[in-house]
2 protein chains.
Amino acid sequence: MQLATEPDVDAVSFRRLGQVLGVHPTAVYRHFRDKDALVLALLDRLTLDVLQRVPVEGLAWRPRLRVGAIAYLDALVEHPAIGHQIGFRASGGPGELGAIEFLLVCLQEAGLDDVQVVRHYALTSSYVLAMASAQASAVLSSGRVTAPGDRSWLGALVEQLTPVEAYPTVTRLRSQLAALRDREVFLTGLDLILDGIEAAAHR
Amino acid sequence: MQLATEPDVDAVSFRRLGQVLGVHPTAVYRHFRDKDALVLALLDRLTLDVLQRVPVEGLAWRPRLRVGAIAYLDALVEHPAIGHQIGFRASGGPGELGAIEFLLVCLQEAGLDDVQVVRHYALTSSYVLAMASAQASAVLSSGRVTAPGDRSWLGALVEQLTPVEAYPTVTRLRSQLAALRDREVFLTGLDLILDGIEAAAHR
DNA sequence: ACCTGAACACCGTTCAAGT
DNA sequence: ACCTGAACACCGTTCAAGT
């Protein structure tokens, strides 16, 4: 888990793990079937940690869901070497199942029927996981750890734009596009999804 | 691009490229600075191809945006070896800039002001790219090419659930959760985002 | 039960050398 | 200008051998 903090795609490897533990690289094979099993176990443990930190009591479904989603995204981005794989990997462990249960209960409390619960579960979870995966990958790609949520969305791409005439709208809005931040983009989408849940509940 | 079709994370490598081209692996270094540059060029080319296939004339902004988003997702998932990297990689090439311009023009036509155009641009693009990245990664992870959009979202995770008592809601809804399909999940979110754009335009 | 040593089949990348 | 050969520093993974 400590290795996964490093902004490097190969931060978690059997060789580095062995080095940190003062042990032969292949010794880890006694404890995990292969690297996939190791990463899955780390991701499930991370999920479990987030679930235990999120307050379950005394919060209505909407702030509870919102806080949980933000905490989960942050935890994954803070462990980019494994976080970038979350979008598409099912562990089936207690962390993942607990997270699904958490989300389903929130959606039921919002007043959705079963069909709507399942639909909005799929949307919310895929959105959070996909965004976390993409943001963790961005950390790996840039190789440095920026303050969380302070990452520029389009970066320098749009600031130093040369062939102006071909992309008039991009050119006109380029300073506003460059000002976009990761966290802002994520929250905009999350709140839109939460609005959609409320709207579906009132129907 | 042909190699990128293979459902293998390492499908695109200098060694395999050299083998297919009947040339020494390192010969590619004359044409691309490093592997990052190669992947970026492939992704930009893929984006450009999609833009040229999407009909620009004779369609209102909403179906145009919808068709474009679906075509882009499909193209990325059909080239998973590079598609899985799209969520976090900026090429700055004609494909990427063309795609941004396409999206911005759609949002302007919807009737949004500049601030709203930028906000919804960020949400829509990050959503499509993140989902495409996650679905392409799922193809790599499973190693087989399923019919597009027909992939199960939760897979066998939820069907063979043993400790029933700990996750009552997951258990109760498990058959409906297992029935979820990639494409359905993606379209639900996309249409919700498009609804949000219309709602913002009417304000 | 747990760890080591050696080996295999892969990676990206550099650099000097060829034509 | 373009390609080759050899090398370096990494990967995951296997298997027989140690204690």
# chains A, B, ... in the order shown; residues from 1 in each chain; ligands from 1
call {"tool": "residues_around", "arguments": {"residues": "DC2 in chain D", "least_positions_apart": "4", "cutoff": "9 Å", "atoms": "only C-alpha atoms (C1' of nucleotides)", "output": "MDAnalysis selection string"}}
result
(chainID B and resid 27 30) or (chainID C and resid 19)
call {"tool": "residues_around", "arguments": {"residues": "DC11 in chain C", "least_positions_apart": "3", "cutoff": "10 Å", "atoms": "only C-alpha atoms (C1' of nucleotides)", "output": "PDB file with N, CA, C and O atoms (P, O5', C5', C4', C3', O3' and C1' of nucleotides), in the first residue's frame"}}
result
ATOM      1  N   ASP B  10      -0.095  -5.520 -23.815  1.00  0.00           N
ATOM      2  CA  ASP B  10       1.193  -5.338 -24.479  1.00  0.00           C
ATOM      3  C   ASP B  10       1.111  -5.583 -25.982  1.00  0.00           C
ATOM      4  O   ASP B  10       2.122  -5.899 -26.620  1.00  0.00           O
ATOM      5  N   SER B  13       3.831  -3.115 -28.966  1.00  0.00           N
ATOM      6  CA  SER B  13       5.193  -2.984 -28.445  1.00  0.00           C
ATOM      7  C   SER B  13       6.137  -2.810 -29.631  1.00  0.00           C
ATOM      8  O   SER B  13       5.821  -3.221 -30.756  1.00  0.00           O
ATOM      9  N   PHE B  14       7.289  -2.225 -29.362  1.00  0.00           N
ATOM     10  CA  PHE B  14       8.242  -1.996 -30.444  1.00  0.00           C
ATOM     11  C   PHE B  14       8.697  -3.313 -31.058  1.00  0.00           C
ATOM     12  O   PHE B  14       8.899  -3.407 -32.262  1.00  0.00           O
ATOM     13  N   ARG B  15       8.797  -4.345 -30.213  1.00  0.00           N
ATOM     14  CA  ARG B  15       9.259  -5.635 -30.714  1.00  0.00           C
ATOM     15  C   ARG B  15       8.233  -6.272 -31.642  1.00  0.00           C
ATOM     16  O   ARG B  15       8.569  -6.787 -32.710  1.00  0.00           O
TER      17      ARG B  15
ATOM     18  P    DC D  10      16.831  -0.780 -12.666  1.00  0.00           P
ATOM     19  O5'  DC D  10      16.253  -2.253 -12.874  1.00  0.00           O
ATOM     20  C5'  DC D  10      14.945  -2.538 -12.461  1.00  0.00           C
ATOM     21  C4'  DC D  10      13.990  -2.485 -13.667  1.00  0.00           C
ATOM     22  C3'  DC D  10      12.780  -3.389 -13.478  1.00  0.00           C
ATOM     23  O3'  DC D  10      11.801  -2.697 -12.705  1.00  0.00           O
ATOM     24  C1'  DC D  10      13.650  -3.543 -15.704  1.00  0.00           C
ATOM     25  P    DC D  11      11.063  -3.438 -11.494  1.00  0.00           P
ATOM     26  O5'  DC D  11       9.750  -3.939 -12.222  1.00  0.00           O
ATOM     27  C5'  DC D  11       9.776  -5.237 -12.740  1.00  0.00           C
ATOM     28  C4'  DC D  11       8.747  -5.390 -13.802  1.00  0.00           C
ATOM     29  C3'  DC D  11       7.972  -6.684 -13.623  1.00  0.00           C
ATOM     30  O3'  DC D  11       6.718  -6.372 -13.053  1.00  0.00           O
ATOM     31  C1'  DC D  11       9.117  -6.740 -15.698  1.00  0.00           C
TER      32       DC D  11
END
call {"tool": "residues_around", "arguments": {"residues": "range 118-134 of chain B", "least_positions_apart": "3", "cutoff": "8 Å", "atoms": "only C-alpha atoms (C1' of nucleotides)", "output": "ChimeraX atom specification"}}
result
/A:87-88,126-127,130-131,133-134,173,176-177,180,185-186,188-189 /B:69,73-74,76-77,83-87,103-104,107,114-115,137-138,186,190,193,197
call {"tool": "write_last_selection", "arguments": {"atoms": "N, CA and C atoms", "output": "CSV table (one decimal), in the first residue's frame"}}
result
chain,number,residue,atom,x,y,z
A,87,GLY,N,-11.3,1.0,-12.3
A,87,GLY,CA,-12.4,1.1,-13.2
A,87,GLY,C,-12.9,-0.2,-13.7
A,88,PHE,N,-12.2,-1.2,-13.7
A,88,PHE,CA,-12.5,-2.4,-14.5
A,88,PHE,C,-12.2,-3.7,-13.8
A,126,SER,N,-20.1,3.5,-11.9
A,126,SER,CA,-19.3,3.6,-13.1
A,126,SER,C,-18.7,5.0,-13.2
A,127,TYR,N,-19.4,6.0,-12.9
A,127,TYR,CA,-18.9,7.4,-13.0
A,127,TYR,C,-17.8,7.6,-12.0
A,130,ALA,N,-14.7,5.3,-12.9
A,130,ALA,CA,-14.1,5.7,-14.2
A,130,ALA,C,-13.3,7.0,-14.0
A,131,MET,N,-13.9,8.0,-13.2
A,131,MET,CA,-13.2,9.2,-13.0
A,131,MET,C,-12.0,9.0,-12.1
A,133,SER,N,-10.2,6.3,-11.9
A,133,SER,CA,-9.2,5.6,-12.7
A,133,SER,C,-8.5,6.6,-13.6
A,134,ALA,N,-9.3,7.5,-14.2
A,134,ALA,CA,-8.7,8.4,-15.2
A,134,ALA,C,-7.8,9.4,-14.4
A,173,LEU,N,-12.3,30.2,-26.3
A,173,LEU,CA,-12.6,29.8,-24.9
A,173,LEU,C,-11.3,29.2,-24.2
A,176,GLN,N,-10.5,29.9,-20.4
A,176,GLN,CA,-11.5,29.3,-19.5
A,176,GLN,C,-11.4,27.8,-19.5
A,177,LEU,N,-11.0,27.2,-20.6
A,177,LEU,CA,-10.8,25.7,-20.7
A,177,LEU,C,-9.6,25.3,-19.9
A,180,LEU,N,-10.0,25.0,-16.0
A,180,LEU,CA,-10.7,23.9,-15.4
A,180,LEU,C,-9.8,23.0,-14.5
A,185,VAL,N,-14.5,19.4,-12.1
A,185,VAL,CA,-15.1,18.6,-13.1
A,185,VAL,C,-15.8,17.4,-12.5
A,186,PHE,N,-15.1,16.8,-11.6
A,186,PHE,CA,-15.7,15.6,-10.9
A,186,PHE,C,-17.0,16.0,-10.2
A,188,THR,N,-19.0,18.6,-10.5
A,188,THR,CA,-20.1,19.0,-11.4
A,188,THR,C,-20.9,17.8,-11.9
A,189,GLY,N,-20.2,16.7,-12.3
A,189,GLY,CA,-20.8,15.5,-12.8
A,189,GLY,C,-21.5,14.8,-11.7
B,69,ALA,N,-20.5,10.6,-29.6
B,69,ALA,CA,-20.0,10.0,-28.3
B,69,ALA,C,-20.0,8.5,-28.4
B,73,LEU,N,-16.7,6.0,-28.3
B,73,LEU,CA,-16.5,4.9,-27.4
B,73,LEU,C,-16.3,3.6,-28.1
B,74,ASP,N,-17.0,3.3,-29.1
B,74,ASP,CA,-16.9,2.0,-29.8
B,74,ASP,C,-15.5,1.9,-30.4
B,76,LEU,N,-12.7,3.3,-29.5
B,76,LEU,CA,-11.7,3.1,-28.4
B,76,LEU,C,-11.8,1.7,-27.9
B,77,VAL,N,-13.0,1.2,-27.7
B,77,VAL,CA,-13.1,-0.2,-27.1
B,77,VAL,C,-12.6,-1.2,-28.1
B,83,GLY,N,-6.8,2.3,-26.5
B,83,GLY,CA,-8.0,2.9,-26.0
B,83,GLY,C,-8.1,3.1,-24.5
B,84,HIS,N,-7.5,2.2,-23.8
B,84,HIS,CA,-7.5,2.2,-22.3
B,84,HIS,C,-6.7,3.4,-21.8
B,85,GLN,N,-5.9,4.0,-22.6
B,85,GLN,CA,-5.1,5.2,-22.1
B,85,GLN,C,-5.7,6.5,-22.4
B,86,ILE,N,-6.9,6.5,-23.1
B,86,ILE,CA,-7.4,7.8,-23.6
B,86,ILE,C,-7.9,8.7,-22.5
B,87,GLY,N,-8.2,8.2,-21.3
B,87,GLY,CA,-8.8,9.0,-20.3
B,87,GLY,C,-7.9,10.1,-19.7
B,103,LEU,N,-17.4,19.2,-29.9
B,103,LEU,CA,-18.2,19.2,-28.7
B,103,LEU,C,-18.6,20.6,-28.3
B,104,LEU,N,-17.7,21.6,-28.4
B,104,LEU,CA,-18.0,23.0,-28.0
B,104,LEU,C,-19.1,23.5,-28.9
B,107,LEU,N,-22.5,22.2,-28.0
B,107,LEU,CA,-23.0,22.9,-26.8
B,107,LEU,C,-23.4,24.3,-27.0
B,114,ASP,N,-21.2,30.9,-22.5
B,114,ASP,CA,-19.8,30.5,-22.5
B,114,ASP,C,-19.4,29.7,-21.2
B,115,VAL,N,-19.9,30.2,-20.1
B,115,VAL,CA,-19.6,29.5,-18.8
B,115,VAL,C,-20.1,28.1,-18.8
B,137,SER,N,-10.3,-1.1,-20.8
B,137,SER,CA,-9.5,-1.8,-19.8
B,137,SER,C,-10.2,-3.2,-19.4
B,138,ALA,N,-11.5,-3.1,-19.4
B,138,ALA,CA,-12.2,-4.4,-19.1
B,138,ALA,C,-12.0,-5.4,-20.2
B,186,PHE,N,-23.6,3.0,-20.1
B,186,PHE,CA,-23.0,4.2,-20.7
B,186,PHE,C,-24.1,5.1,-21.2
B,190,LEU,N,-25.1,9.0,-20.4
B,190,LEU,CA,-25.0,10.0,-21.5
B,190,LEU,C,-26.3,10.7,-21.7
B,193,ILE,N,-26.7,13.3,-19.0
B,193,ILE,CA,-25.9,14.5,-19.2
B,193,ILE,C,-26.5,15.3,-20.3
B,197,ILE,N,-27.9,19.3,-20.1
B,197,ILE,CA,-27.5,20.3,-21.0
B,197,ILE,C,-28.8,21.1,-21.4
call {"tool": "residues_around", "arguments": {"residues": "Leu17 in chain A", "least_positions_apart": "2", "cutoff": "12 Å", "atoms": "only C-alpha atoms (C1' of nucleotides)", "output": "compact mmCIF listing (two decimals) with N, CA, C and O atoms, in the first residue's frame"}}
result
# COMPACT_ATOMS: atom_id res chain seq x y z
N MET A 1 0.84 -1.20 0.00
CA MET A 1 0.00 0.00 0.00
C MET A 1 0.88 1.26 0.00
O MET A 1 0.57 2.24 -0.65
N GLN A 2 1.99 1.15 0.74
CA GLN A 2 2.93 2.27 0.78
C GLN A 2 3.58 2.48 -0.59
O GLN A 2 3.72 3.61 -1.07
N LEU A 3 3.93 1.41 -1.24
CA LEU A 3 4.51 1.50 -2.59
C LEU A 3 3.52 2.12 -3.58
O LEU A 3 3.91 2.86 -4.48
N ALA A 4 2.23 1.81 -3.40
CA ALA A 4 1.20 2.28 -4.34
C ALA A 4 1.04 3.79 -4.30
O ALA A 4 0.42 4.38 -5.19
N ASP A 10 4.83 1.29 -12.31
CA ASP A 10 5.45 0.06 -11.84
C ASP A 10 5.85 0.13 -10.37
O ASP A 10 6.73 -0.61 -9.92
N ALA A 11 5.22 1.02 -9.62
CA ALA A 11 5.58 1.19 -8.21
C ALA A 11 5.37 -0.11 -7.43
O ALA A 11 6.18 -0.47 -6.58
N VAL A 12 4.28 -0.80 -7.75
CA VAL A 12 4.01 -2.07 -7.08
C VAL A 12 4.50 -3.22 -7.96
O VAL A 12 3.86 -3.59 -8.93
N SER A 13 5.67 -3.75 -7.64
CA SER A 13 6.18 -4.92 -8.36
C SER A 13 6.72 -5.90 -7.33
O SER A 13 7.09 -5.51 -6.21
N PHE A 14 6.78 -7.15 -7.70
CA PHE A 14 7.26 -8.18 -6.77
C PHE A 14 8.70 -7.90 -6.37
O PHE A 14 9.09 -8.13 -5.23
N ARG A 15 9.46 -7.38 -7.30
CA ARG A 15 10.88 -7.12 -6.99
C ARG A 15 11.03 -5.99 -5.97
O ARG A 15 11.79 -6.09 -5.02
N GLN A 19 12.24 -6.13 -2.03
CA GLN A 19 13.32 -5.27 -1.56
C GLN A 19 12.92 -4.55 -0.27
O GLN A 19 13.68 -4.52 0.70
N VAL A 20 11.70 -3.99 -0.25
CA VAL A 20 11.20 -3.28 0.93
C VAL A 20 11.05 -4.23 2.11
O VAL A 20 11.33 -3.87 3.26
N LEU A 21 10.63 -5.47 1.85
CA LEU A 21 10.41 -6.44 2.93
C LEU A 21 11.69 -7.17 3.32
O LEU A 21 11.68 -7.99 4.24
N GLY A 22 12.78 -6.91 2.60
CA GLY A 22 14.03 -7.59 2.89
C GLY A 22 13.97 -9.07 2.62
O GLY A 22 14.45 -9.90 3.39
N VAL A 23 13.37 -9.40 1.47
CA VAL A 23 13.05 -10.80 1.18
C VAL A 23 13.19 -11.03 -0.32
O VAL A 23 13.20 -10.09 -1.10
N HIS A 24 13.30 -12.26 -0.72
CA HIS A 24 13.43 -12.57 -2.15
C HIS A 24 12.14 -12.19 -2.90
O HIS A 24 11.05 -12.44 -2.39
N PRO A 25 12.28 -11.59 -4.09
CA PRO A 25 11.10 -11.14 -4.85
C PRO A 25 10.01 -12.21 -4.99
O PRO A 25 8.83 -11.91 -4.83
N THR A 26 10.43 -13.44 -5.26
CA THR A 26 9.42 -14.47 -5.54
C THR A 26 8.78 -15.04 -4.27
O THR A 26 7.88 -15.87 -4.36
N ALA A 27 9.24 -14.57 -3.10
CA ALA A 27 8.66 -15.06 -1.85
C ALA A 27 7.19 -14.68 -1.74
O ALA A 27 6.40 -15.37 -1.08
N VAL A 28 6.82 -13.57 -2.41
CA VAL A 28 5.44 -13.09 -2.33
C VAL A 28 4.47 -14.09 -2.96
O VAL A 28 3.28 -14.12 -2.63
N TYR A 29 4.99 -14.94 -3.84
CA TYR A 29 4.13 -15.92 -4.52
C TYR A 29 3.54 -16.95 -3.56
O TYR A 29 2.61 -17.66 -3.89
N LYS A 35 0.17 -11.40 -9.62
CA LYS A 35 0.13 -9.97 -9.36
C LYS A 35 -1.30 -9.45 -9.35
O LYS A 35 -1.62 -8.54 -8.60
N LEU A 38 -2.72 -9.83 -5.99
CA LEU A 38 -2.15 -8.84 -5.07
C LEU A 38 -2.81 -7.47 -5.22
O LEU A 38 -3.23 -6.86 -4.24
call {"tool": "atom_distance", "arguments": {"atom1": "CA of Leu112 in chain B", "atom2": "CA of Leu48 in chain B"}}
result
25.7 Å
call {"tool": "atom_distance", "arguments": {"atom1": "CA of Trp61 in chain A", "atom2": "CA of Leu192 in chain B"}}
result
20.2 Å
call {"tool": "closest_residue", "arguments": {"among": "B:Gly111, B:Pro80, B:Gly196, B:Ile70", "to": "Arg183 in chain B", "atoms": "only C-alpha atoms"}}
result
B:Ile70
